[in-house]
Amino acid sequence: MRLKNKVAVITGGNSGIGFGIAKEFVAEGAIGTIVGRNEDTLKSSLAALDNKFIGIKCDVTQLDELTAMFAETEQKFGKIDVLIVNAGGAIGAGTAGNMADVTEEDFDKIINLNLKSVFFTVQKALPHLKDGASVVMVGSLTAHKPLDGLTTYGGAKAAIVNYARSFSKDLAHRKIRINVLSPGTIDTPVFEKLGIAEDLAMELKQHVGSANLMQRIGLPSEMGKVAVFLGSDDSSFVIGQEIVADGGVYHF
Ligand SMILES: NC(=O)c1ccc[n+]([C@@H]2O[C@H](COP(=O)([O-])OP(=O)(O)OC[C@H]3O[C@@H](n4cnc5c(N)ncnc54)[C@H](OP(=O)(O)O)[C@@H]3O)[C@@H](O)[C@H]2O)c1
């Protein structure tokens, strides 16, 4: 019970990696809030979290919604021990890949969700975080290894690795630790959201998912276990770092 009675906020906790993190957090004794826009999955996730979490509908790209969500969380649970900044993704911006084709609109969309919202999720949390809190930002292998179609996204994810260090310095007087968890390919609903035929999506998942030393796709629960380490006192001397959990791609 490494997170017993710890108050956590997990953005994107209603799907994929965020939901995997939430389940591991509940297993370690945490309580708190999962955040997303989809009211159905927010609601349906709660039973699987033993009703230890509440769901708050919030678009993380809207600063006033972030402010309201953190205030509601503090009112319900008290100050926050662990913040997981996970909401994000590369889907929904048609030409955000090859830099020659990226439109200003697509660029803004990807950067708003994967960089600007990360910055302001942490900033708006500050009045509600305990001194000594742990913040984990979810990055991506693409921060280091360019992947076709993910140019704009990879740049945003690379920037948050820098933020982990600069935020840690800015917030050191409060002993707040900021680290990054960068997944490789993980088995989440993201493949179903690609808008391509189901068999093609499965083929793609199989192909990119097995291109690592472990020769298999990663699981949300495996990301959850790394997040427990970074979120708990087990990592009390780990500050401004990145853990790349990719089954063996980045350094090979
Ligand atoms: N799966 C992978 O292989 C992989 C690899 C590297 C990094 N990542 C990163 O891991 C994180 C989670 O991805 P995933 O694969 O678990 O995808 P996912 O299953 O599609 O989950 C994305 C989550 O983000 C939330 N979200 C998206 N936009 C939001 C917004 N504007 N406001 C609030 N919530 C928002 C979604 O909730 P709603 O739809 O309800 O808003 C959902 O809970 C992302 O940051 C992604 O970049 C994933």
# chains A, B, ... in the order shown; residues from 1 in each chain; ligands from 1
call {"tool": "residues_around", "arguments": {"residues": "A:Phe119", "least_positions_apart": "4", "cutoff": "9 Å", "atoms": "only C-alpha atoms", "output": "PDB file with C-alpha atoms, in the first residue's frame"}}
result
ATOM      1  CA  LEU A 115       2.307  20.829 -24.468  1.00  0.00           C
ATOM      2  CA  GLN A 123       0.447  25.451 -12.970  1.00  0.00           C
ATOM      3  CA  LYS A 124      -3.261  25.377 -12.079  1.00  0.00           C
ATOM      4  CA  ILE A 160       8.037  18.140 -21.444  1.00  0.00           C
ATOM      5  CA  TYR A 163       9.846  20.952 -18.301  1.00  0.00           C
TER       6      TYR A 163
END
call {"tool": "closest_atom_pairs", "arguments": {"of": "stretch 107-224 of chain A", "to": "stretch 88-95 of chain A", "cutoff": "7 Å", "atoms": "only C-alpha atoms", "output": "tab-separated table"}}
result
residue	atom	partner	partner_atom	distance
A:Lys109	CA	A:Ala93	CA	6.6
A:Ile110	CA	A:Ala90	CA	6.6
A:Leu113	CA	A:Gly88	CA	5.8
A:Asn114	CA	A:Gly88	CA	5.3
A:Tyr153	CA	A:Ala90	CA	6.0
A:Leu194	CA	A:Ile91	CA	6.6
call {"tool": "write_last_selection", "arguments": {"atoms": "C-alpha atoms", "output": "compact mmCIF listing (two decimals), in the first residue's frame"}}
result
# COMPACT_ATOMS: atom_id res chain seq x y z
CA LYS A 109 -4.22 21.43 -32.01
CA ILE A 110 -1.37 19.04 -31.20
CA LEU A 113 -3.18 19.30 -26.09
CA ASN A 114 0.29 17.83 -25.64
CA TYR A 153 3.55 15.41 -31.36
CA LEU A 194 -7.25 6.02 -35.62
call {"tool": "closest_atom_pairs", "arguments": {"of": "chain A", "to": "ligand 1", "cutoff": "8 Å", "atoms": "only C-alpha atoms and all ligand atoms", "output": "CSV"}}
result
residue,atom,partner,partner_atom_place_in_ligand_line,distance
A:Thr11,CA,ligand 1,34 (N),6.1
A:Gly12,CA,ligand 1,43 (O),3.1
A:Gly13,CA,ligand 1,43 (O),5.2
A:Asn14,CA,ligand 1,43 (O),4.5
A:Ser15,CA,ligand 1,43 (O),4.1
A:Gly16,CA,ligand 1,16 (O),3.4
A:Ile17,CA,ligand 1,16 (O),3.8
A:Gly18,CA,ligand 1,16 (O),5.7
A:Phe19,CA,ligand 1,43 (O),7.4
A:Val35,CA,ligand 1,34 (N),6.2
A:Gly36,CA,ligand 1,40 (O),3.8
A:Arg37,CA,ligand 1,41 (O),3.6
A:Asn38,CA,ligand 1,40 (O),3.5
A:Glu39,CA,ligand 1,40 (O),6.8
A:Thr41,CA,ligand 1,40 (O),6.7
A:Leu42,CA,ligand 1,40 (O),6.8
A:Lys57,CA,ligand 1,33 (C),7.7
A:Cys58,CA,ligand 1,33 (C),5.6
A:Asp59,CA,ligand 1,32 (N),3.4
A:Val60,CA,ligand 1,32 (N),4.0
A:Thr61,CA,ligand 1,31 (N),5.3
A:Gln62,CA,ligand 1,31 (N),7.8
A:Val85,CA,ligand 1,45 (O),7.7
A:Asn86,CA,ligand 1,45 (O),4.7
A:Ala87,CA,ligand 1,24 (O),3.5
A:Gly88,CA,ligand 1,45 (O),3.6
A:Gly89,CA,ligand 1,47 (O),3.7
A:Ala90,CA,ligand 1,47 (O),6.4
A:Leu113,CA,ligand 1,31 (N),6.1
A:Asn114,CA,ligand 1,45 (O),6.8
A:Val138,CA,ligand 1,45 (O),5.4
A:Gly139,CA,ligand 1,7 (C),5.6
A:Ser140,CA,ligand 1,6 (C),4.0
A:Leu141,CA,ligand 1,6 (C),6.0
A:Thr142,CA,ligand 1,6 (C),7.2
A:Tyr153,CA,ligand 1,47 (O),8.0
A:Lys157,CA,ligand 1,47 (O),7.8
A:Ser182,CA,ligand 1,7 (C),6.2
A:Pro183,CA,ligand 1,6 (C),4.4
A:Gly184,CA,ligand 1,5 (C),5.0
A:Thr185,CA,ligand 1,3 (O),3.5
A:Ile186,CA,ligand 1,3 (O),3.8
A:Asp187,CA,ligand 1,1 (N),5.9
A:Thr188,CA,ligand 1,15 (O),4.9
A:Pro189,CA,ligand 1,19 (O),4.5
A:Val190,CA,ligand 1,20 (O),4.2
A:Phe191,CA,ligand 1,1 (N),7.8
A:Lys193,CA,ligand 1,20 (O),7.0
A:Gly218,CA,ligand 1,3 (O),7.9
A:Pro220,CA,ligand 1,16 (O),7.5
call {"tool": "write_last_selection", "arguments": {"atoms": "N, CA and C atoms", "output": "CSV table (one decimal), in the first residue's frame"}}
result
chain,number,residue,atom,x,y,z
A,11,THR,N,-5.2,12.8,-15.1
A,11,THR,CA,-5.9,13.3,-16.3
A,11,THR,C,-5.9,12.2,-17.3
A,12,GLY,N,-7.0,12.0,-18.0
A,12,GLY,CA,-7.1,10.9,-19.0
A,12,GLY,C,-7.2,9.6,-18.2
A,13,GLY,N,-7.7,9.6,-17.0
A,13,GLY,CA,-7.8,8.4,-16.2
A,13,GLY,C,-9.0,7.5,-16.6
A,14,ASN,N,-9.8,7.9,-17.6
A,14,ASN,CA,-10.9,7.2,-18.0
A,14,ASN,C,-10.6,6.3,-19.3
A,15,SER,N,-9.3,6.2,-19.6
A,15,SER,CA,-9.0,5.3,-20.8
A,15,SER,C,-7.5,4.9,-20.8
A,16,GLY,N,-7.2,3.8,-21.4
A,16,GLY,CA,-5.9,3.4,-21.7
A,16,GLY,C,-4.9,3.5,-20.6
A,17,ILE,N,-3.8,4.2,-20.9
A,17,ILE,CA,-2.7,4.3,-19.9
A,17,ILE,C,-3.2,5.0,-18.6
A,18,GLY,N,-3.9,6.0,-18.7
A,18,GLY,CA,-4.4,6.7,-17.5
A,18,GLY,C,-5.3,5.8,-16.6
A,19,PHE,N,-6.1,5.0,-17.3
A,19,PHE,CA,-7.0,4.1,-16.5
A,19,PHE,C,-6.1,3.0,-15.9
A,35,VAL,N,-10.0,12.4,-14.7
A,35,VAL,CA,-10.4,13.5,-15.4
A,35,VAL,C,-10.5,13.2,-16.9
A,36,GLY,N,-11.5,13.6,-17.6
A,36,GLY,CA,-11.6,13.4,-19.0
A,36,GLY,C,-12.8,14.2,-19.6
A,37,ARG,N,-13.1,14.1,-20.9
A,37,ARG,CA,-14.2,14.8,-21.4
A,37,ARG,C,-15.4,13.9,-21.6
A,38,ASN,N,-15.2,12.6,-21.7
A,38,ASN,CA,-16.3,11.6,-22.1
A,38,ASN,C,-17.0,11.2,-20.8
A,39,GLU,N,-18.2,11.6,-20.6
A,39,GLU,CA,-18.9,11.4,-19.4
A,39,GLU,C,-19.2,9.9,-19.2
A,41,THR,N,-17.4,7.2,-20.3
A,41,THR,CA,-16.3,6.4,-19.8
A,41,THR,C,-15.8,6.9,-18.4
A,42,LEU,N,-16.0,8.1,-18.1
A,42,LEU,CA,-15.7,8.6,-16.8
A,42,LEU,C,-16.5,7.9,-15.7
A,57,LYS,N,-15.6,15.8,-15.3
A,57,LYS,CA,-15.5,16.2,-16.7
A,57,LYS,C,-14.8,17.5,-16.8
A,58,CYS,N,-13.7,17.5,-17.6
A,58,CYS,CA,-12.9,18.6,-17.8
A,58,CYS,C,-12.1,18.5,-19.1
A,59,ASP,N,-12.1,19.6,-19.9
A,59,ASP,CA,-11.2,19.6,-21.0
A,59,ASP,C,-9.9,20.3,-20.6
A,60,VAL,N,-8.8,19.5,-20.6
A,60,VAL,CA,-7.6,20.0,-20.1
A,60,VAL,C,-7.0,21.2,-20.9
A,61,THR,N,-7.5,21.4,-22.1
A,61,THR,CA,-7.0,22.6,-22.9
A,61,THR,C,-7.7,23.9,-22.5
A,62,GLN,N,-8.7,23.7,-21.5
A,62,GLN,CA,-9.5,24.9,-21.1
A,62,GLN,C,-9.0,25.3,-19.7
A,85,VAL,N,-0.2,13.8,-15.1
A,85,VAL,CA,-0.6,14.6,-16.3
A,85,VAL,C,-0.5,13.7,-17.5
A,86,ASN,N,-1.6,13.0,-17.8
A,86,ASN,CA,-1.5,12.0,-18.8
A,86,ASN,C,-2.4,12.3,-20.1
A,87,ALA,N,-3.4,13.1,-19.9
A,87,ALA,CA,-4.3,13.4,-21.1
A,87,ALA,C,-3.5,13.9,-22.3
A,88,GLY,N,-3.7,13.3,-23.4
A,88,GLY,CA,-3.0,13.7,-24.6
A,88,GLY,C,-3.1,12.7,-25.7
A,89,GLY,N,-2.4,12.9,-26.8
A,89,GLY,CA,-2.4,12.0,-27.9
A,89,GLY,C,-2.2,12.7,-29.2
A,90,ALA,N,-2.0,11.9,-30.2
A,90,ALA,CA,-1.7,12.5,-31.6
A,90,ALA,C,-2.9,12.4,-32.5
A,113,LEU,N,-2.9,20.5,-26.9
A,113,LEU,CA,-3.2,19.3,-26.1
A,113,LEU,C,-1.9,18.7,-25.4
A,114,ASN,N,-0.8,18.6,-26.1
A,114,ASN,CA,0.3,17.8,-25.6
A,114,ASN,C,1.4,18.7,-25.0
A,138,VAL,N,3.2,12.3,-18.5
A,138,VAL,CA,3.3,11.2,-19.5
A,138,VAL,C,3.8,11.7,-20.8
A,139,GLY,N,5.0,11.3,-21.1
A,139,GLY,CA,5.7,11.7,-22.4
A,139,GLY,C,5.5,10.6,-23.5
A,140,SER,N,6.5,10.3,-24.2
A,140,SER,CA,6.5,9.3,-25.2
A,140,SER,C,7.9,9.0,-25.8
A,141,LEU,N,8.0,7.8,-26.2
A,141,LEU,CA,9.2,7.4,-26.9
A,141,LEU,C,9.5,8.3,-28.1
A,142,THR,N,8.5,8.9,-28.7
A,142,THR,CA,8.6,9.7,-29.9
A,142,THR,C,9.4,11.0,-29.5
A,153,TYR,N,3.8,16.1,-32.7
A,153,TYR,CA,3.6,15.4,-31.4
A,153,TYR,C,4.9,15.1,-30.7
A,157,LYS,N,6.3,16.2,-26.9
A,157,LYS,CA,6.6,15.3,-25.9
A,157,LYS,C,8.1,15.5,-25.5
A,182,SER,N,7.8,8.0,-20.0
A,182,SER,CA,7.7,8.0,-21.5
A,182,SER,C,7.4,6.6,-22.0
A,183,PRO,N,6.2,6.3,-22.3
A,183,PRO,CA,5.9,4.9,-22.8
A,183,PRO,C,6.3,4.7,-24.3
A,184,GLY,N,6.6,3.4,-24.6
A,184,GLY,CA,6.8,3.0,-26.0
A,184,GLY,C,5.3,2.7,-26.5
A,185,THR,N,5.2,1.6,-27.3
A,185,THR,CA,3.8,1.3,-27.8
A,185,THR,C,3.1,0.5,-26.7
A,186,ILE,N,1.9,1.1,-26.4
A,186,ILE,CA,1.1,0.4,-25.3
A,186,ILE,C,-0.3,0.1,-25.9
A,187,ASP,N,-0.8,-1.0,-25.4
A,187,ASP,CA,-2.1,-1.5,-25.9
A,187,ASP,C,-3.2,-0.7,-25.3
A,188,THR,N,-3.7,0.3,-26.0
A,188,THR,CA,-4.8,1.2,-25.4
A,188,THR,C,-5.8,1.4,-26.6
A,189,PRO,N,-6.9,2.0,-26.2
A,189,PRO,CA,-8.0,2.3,-27.2
A,189,PRO,C,-7.5,3.2,-28.3
A,190,VAL,N,-6.3,3.8,-28.2
A,190,VAL,CA,-5.8,4.7,-29.2
A,190,VAL,C,-5.8,4.2,-30.6
A,191,PHE,N,-5.6,2.9,-30.7
A,191,PHE,CA,-5.6,2.2,-32.0
A,191,PHE,C,-7.0,2.2,-32.7
A,193,LYS,N,-9.1,4.5,-32.2
A,193,LYS,CA,-9.5,5.9,-32.5
A,193,LYS,C,-8.8,6.4,-33.8
A,218,GLY,N,3.4,-3.1,-24.9
A,218,GLY,CA,3.3,-2.9,-23.5
A,218,GLY,C,1.9,-2.8,-23.0
A,220,PRO,N,-1.1,-1.2,-20.2
A,220,PRO,CA,-1.3,0.0,-19.3
A,220,PRO,C,-1.0,-0.3,-17.9
call {"tool": "select_by_dssp", "arguments": {"residues": "stretch 24-221 of chain A", "states": "strand (DSSP E)", "output": "ChimeraX atom specification"}}
result
/A:31-36,53-57,80-85,129-138,177-183
call {"tool": "write_last_selection", "arguments": {"atoms": "N, CA and C atoms", "output": "mmCIF file, in the first residue's frame"}}
result
data_model
loop_
_atom_site.group_PDB
_atom_site.id
_atom_site.type_symbol
_atom_site.label_atom_id
_atom_site.label_comp_id
_atom_site.auth_asym_id
_atom_site.auth_seq_id
_atom_site.Cartn_x
_atom_site.Cartn_y
_atom_site.Cartn_z
ATOM 1 N N ILE A 31 -6.779 7.437 -3.402
ATOM 2 C CA ILE A 31 -8.128 7.938 -3.675
ATOM 3 C C ILE A 31 -7.964 9.192 -4.543
ATOM 4 N N GLY A 32 -9.062 9.707 -5.103
ATOM 5 C CA GLY A 32 -8.912 10.962 -5.849
ATOM 6 C C GLY A 32 -9.833 11.086 -7.043
ATOM 7 N N THR A 33 -9.314 11.732 -8.090
ATOM 8 C CA THR A 33 -10.130 12.152 -9.227
ATOM 9 C C THR A 33 -9.529 11.662 -10.543
ATOM 10 N N ILE A 34 -10.382 11.085 -11.393
ATOM 11 C CA ILE A 34 -9.985 10.885 -12.784
ATOM 12 C C ILE A 34 -10.678 11.960 -13.627
ATOM 13 N N VAL A 35 -9.979 12.380 -14.665
ATOM 14 C CA VAL A 35 -10.405 13.544 -15.449
ATOM 15 C C VAL A 35 -10.453 13.184 -16.931
ATOM 16 N N GLY A 36 -11.535 13.584 -17.596
ATOM 17 C CA GLY A 36 -11.620 13.395 -19.049
ATOM 18 C C GLY A 36 -12.817 14.177 -19.558
ATOM 19 N N PHE A 53 -12.310 6.567 -6.563
ATOM 20 C CA PHE A 53 -12.095 7.809 -7.317
ATOM 21 C C PHE A 53 -13.444 8.401 -7.710
ATOM 22 N N ILE A 54 -13.447 9.707 -7.929
ATOM 23 C CA ILE A 54 -14.591 10.336 -8.572
ATOM 24 C C ILE A 54 -14.161 10.739 -9.983
ATOM 25 N N GLY A 55 -15.127 10.928 -10.864
ATOM 26 C CA GLY A 55 -14.820 11.393 -12.214
ATOM 27 C C GLY A 55 -15.250 12.845 -12.359
ATOM 28 N N ILE A 56 -14.358 13.689 -12.877
ATOM 29 C CA ILE A 56 -14.752 15.078 -13.148
ATOM 30 C C ILE A 56 -14.544 15.349 -14.634
ATOM 31 N N LYS A 57 -15.624 15.817 -15.269
ATOM 32 C CA LYS A 57 -15.542 16.159 -16.687
ATOM 33 C C LYS A 57 -14.779 17.471 -16.833
ATOM 34 N N ILE A 80 -3.682 17.722 -2.745
ATOM 35 C CA ILE A 80 -3.315 16.616 -3.637
ATOM 36 C C ILE A 80 -1.867 16.168 -3.388
ATOM 37 N N ASP A 81 -1.672 14.824 -3.310
ATOM 38 C CA ASP A 81 -0.330 14.255 -3.117
ATOM 39 C C ASP A 81 0.347 13.923 -4.441
ATOM 40 N N VAL A 82 -0.448 13.429 -5.409
ATOM 41 C CA VAL A 82 0.133 12.961 -6.676
ATOM 42 C C VAL A 82 -0.703 13.468 -7.844
ATOM 43 N N LEU A 83 -0.032 14.093 -8.795
ATOM 44 C CA LEU A 83 -0.711 14.546 -10.021
ATOM 45 C C LEU A 83 -0.122 13.798 -11.212
ATOM 46 N N ILE A 84 -0.989 13.106 -11.955
ATOM 47 C CA ILE A 84 -0.550 12.412 -13.167
ATOM 48 C C ILE A 84 -1.093 13.182 -14.372
ATOM 49 N N VAL A 85 -0.195 13.775 -15.135
ATOM 50 C CA VAL A 85 -0.580 14.592 -16.294
ATOM 51 C C VAL A 85 -0.454 13.693 -17.530
ATOM 52 N N LEU A 129 -1.743 21.523 -4.521
ATOM 53 C CA LEU A 129 -0.780 20.445 -4.261
ATOM 54 C C LEU A 129 -0.188 20.598 -2.872
ATOM 55 N N LYS A 130 0.041 19.460 -2.216
ATOM 56 C CA LYS A 130 0.783 19.494 -0.940
ATOM 57 C C LYS A 130 2.243 19.819 -1.217
ATOM 58 N N ASP A 131 2.918 20.458 -0.311
ATOM 59 C CA ASP A 131 4.374 20.528 -0.403
ATOM 60 C C ASP A 131 4.884 19.088 -0.362
ATOM 61 N N GLY A 132 5.875 18.788 -1.182
ATOM 62 C CA GLY A 132 6.387 17.420 -1.243
ATOM 63 C C GLY A 132 5.611 16.519 -2.186
ATOM 64 N N ALA A 133 4.655 17.107 -2.929
ATOM 65 C CA ALA A 133 3.863 16.299 -3.875
ATOM 66 C C ALA A 133 4.739 15.760 -5.006
ATOM 67 N N SER A 134 4.210 14.734 -5.670
ATOM 68 C CA SER A 134 4.893 14.182 -6.846
ATOM 69 C C SER A 134 4.024 14.415 -8.087
ATOM 70 N N VAL A 135 4.656 14.945 -9.140
ATOM 71 C CA VAL A 135 3.961 15.151 -10.410
ATOM 72 C C VAL A 135 4.615 14.247 -11.455
ATOM 73 N N VAL A 136 3.799 13.473 -12.150
ATOM 74 C CA VAL A 136 4.309 12.613 -13.220
ATOM 75 C C VAL A 136 3.649 13.042 -14.525
ATOM 76 N N MET A 137 4.471 13.447 -15.492
ATOM 77 C CA MET A 137 3.937 13.836 -16.801
ATOM 78 C C MET A 137 4.183 12.667 -17.763
ATOM 79 N N VAL A 138 3.166 12.311 -18.529
ATOM 80 C CA VAL A 138 3.315 11.192 -19.465
ATOM 81 C C VAL A 138 3.846 11.724 -20.799
ATOM 82 N N ARG A 177 8.331 17.179 -6.584
ATOM 83 C CA ARG A 177 9.160 16.453 -7.564
ATOM 84 C C ARG A 177 8.377 16.287 -8.865
ATOM 85 N N ILE A 178 9.021 16.585 -9.996
ATOM 86 C CA ILE A 178 8.364 16.407 -11.300
ATOM 87 C C ILE A 178 9.207 15.434 -12.125
ATOM 88 N N ASN A 179 8.601 14.383 -12.609
ATOM 89 C CA ASN A 179 9.299 13.417 -13.463
ATOM 90 C C ASN A 179 8.428 13.059 -14.665
ATOM 91 N N VAL A 180 9.056 12.437 -15.656
ATOM 92 C CA VAL A 180 8.330 12.032 -16.872
ATOM 93 C C VAL A 180 8.352 10.511 -17.010
ATOM 94 N N LEU A 181 7.198 9.954 -17.353
ATOM 95 C CA LEU A 181 7.105 8.544 -17.737
ATOM 96 C C LEU A 181 6.832 8.508 -19.237
ATOM 97 N N SER A 182 7.799 8.009 -20.007
ATOM 98 C CA SER A 182 7.652 7.989 -21.471
ATOM 99 C C SER A 182 7.406 6.562 -21.963
ATOM 100 N N PRO A 183 6.158 6.262 -22.344
ATOM 101 C CA PRO A 183 5.858 4.905 -22.827
ATOM 102 C C PRO A 183 6.330 4.690 -24.261
#
call {"tool": "atom_distance", "arguments": {"atom1": "atom CA of A:Glu104", "atom2": "atom CA of A:Val161"}}
result
23.8 Å
call {"tool": "closest_residue", "arguments": {"among": "A:Ala47, A:Leu219, A:Leu66, A:Leu3", "to": "A:Thr121", "atoms": "only C-alpha atoms"}}
result
A:Leu66
call {"tool": "closest_residue", "arguments": {"among": "A:Thr152, A:Lys145, A:Val249, A:Asp170", "to": "A:Ala100", "atoms": "only C-alpha atoms"}}
result
A:Thr152
call {"tool": "closest_residue", "arguments": {"among": "A:Ile21, A:Ala68, A:Val26, A:Ala158", "to": "A:Val7", "atoms": "only C-alpha atoms"}}
result
A:Val26
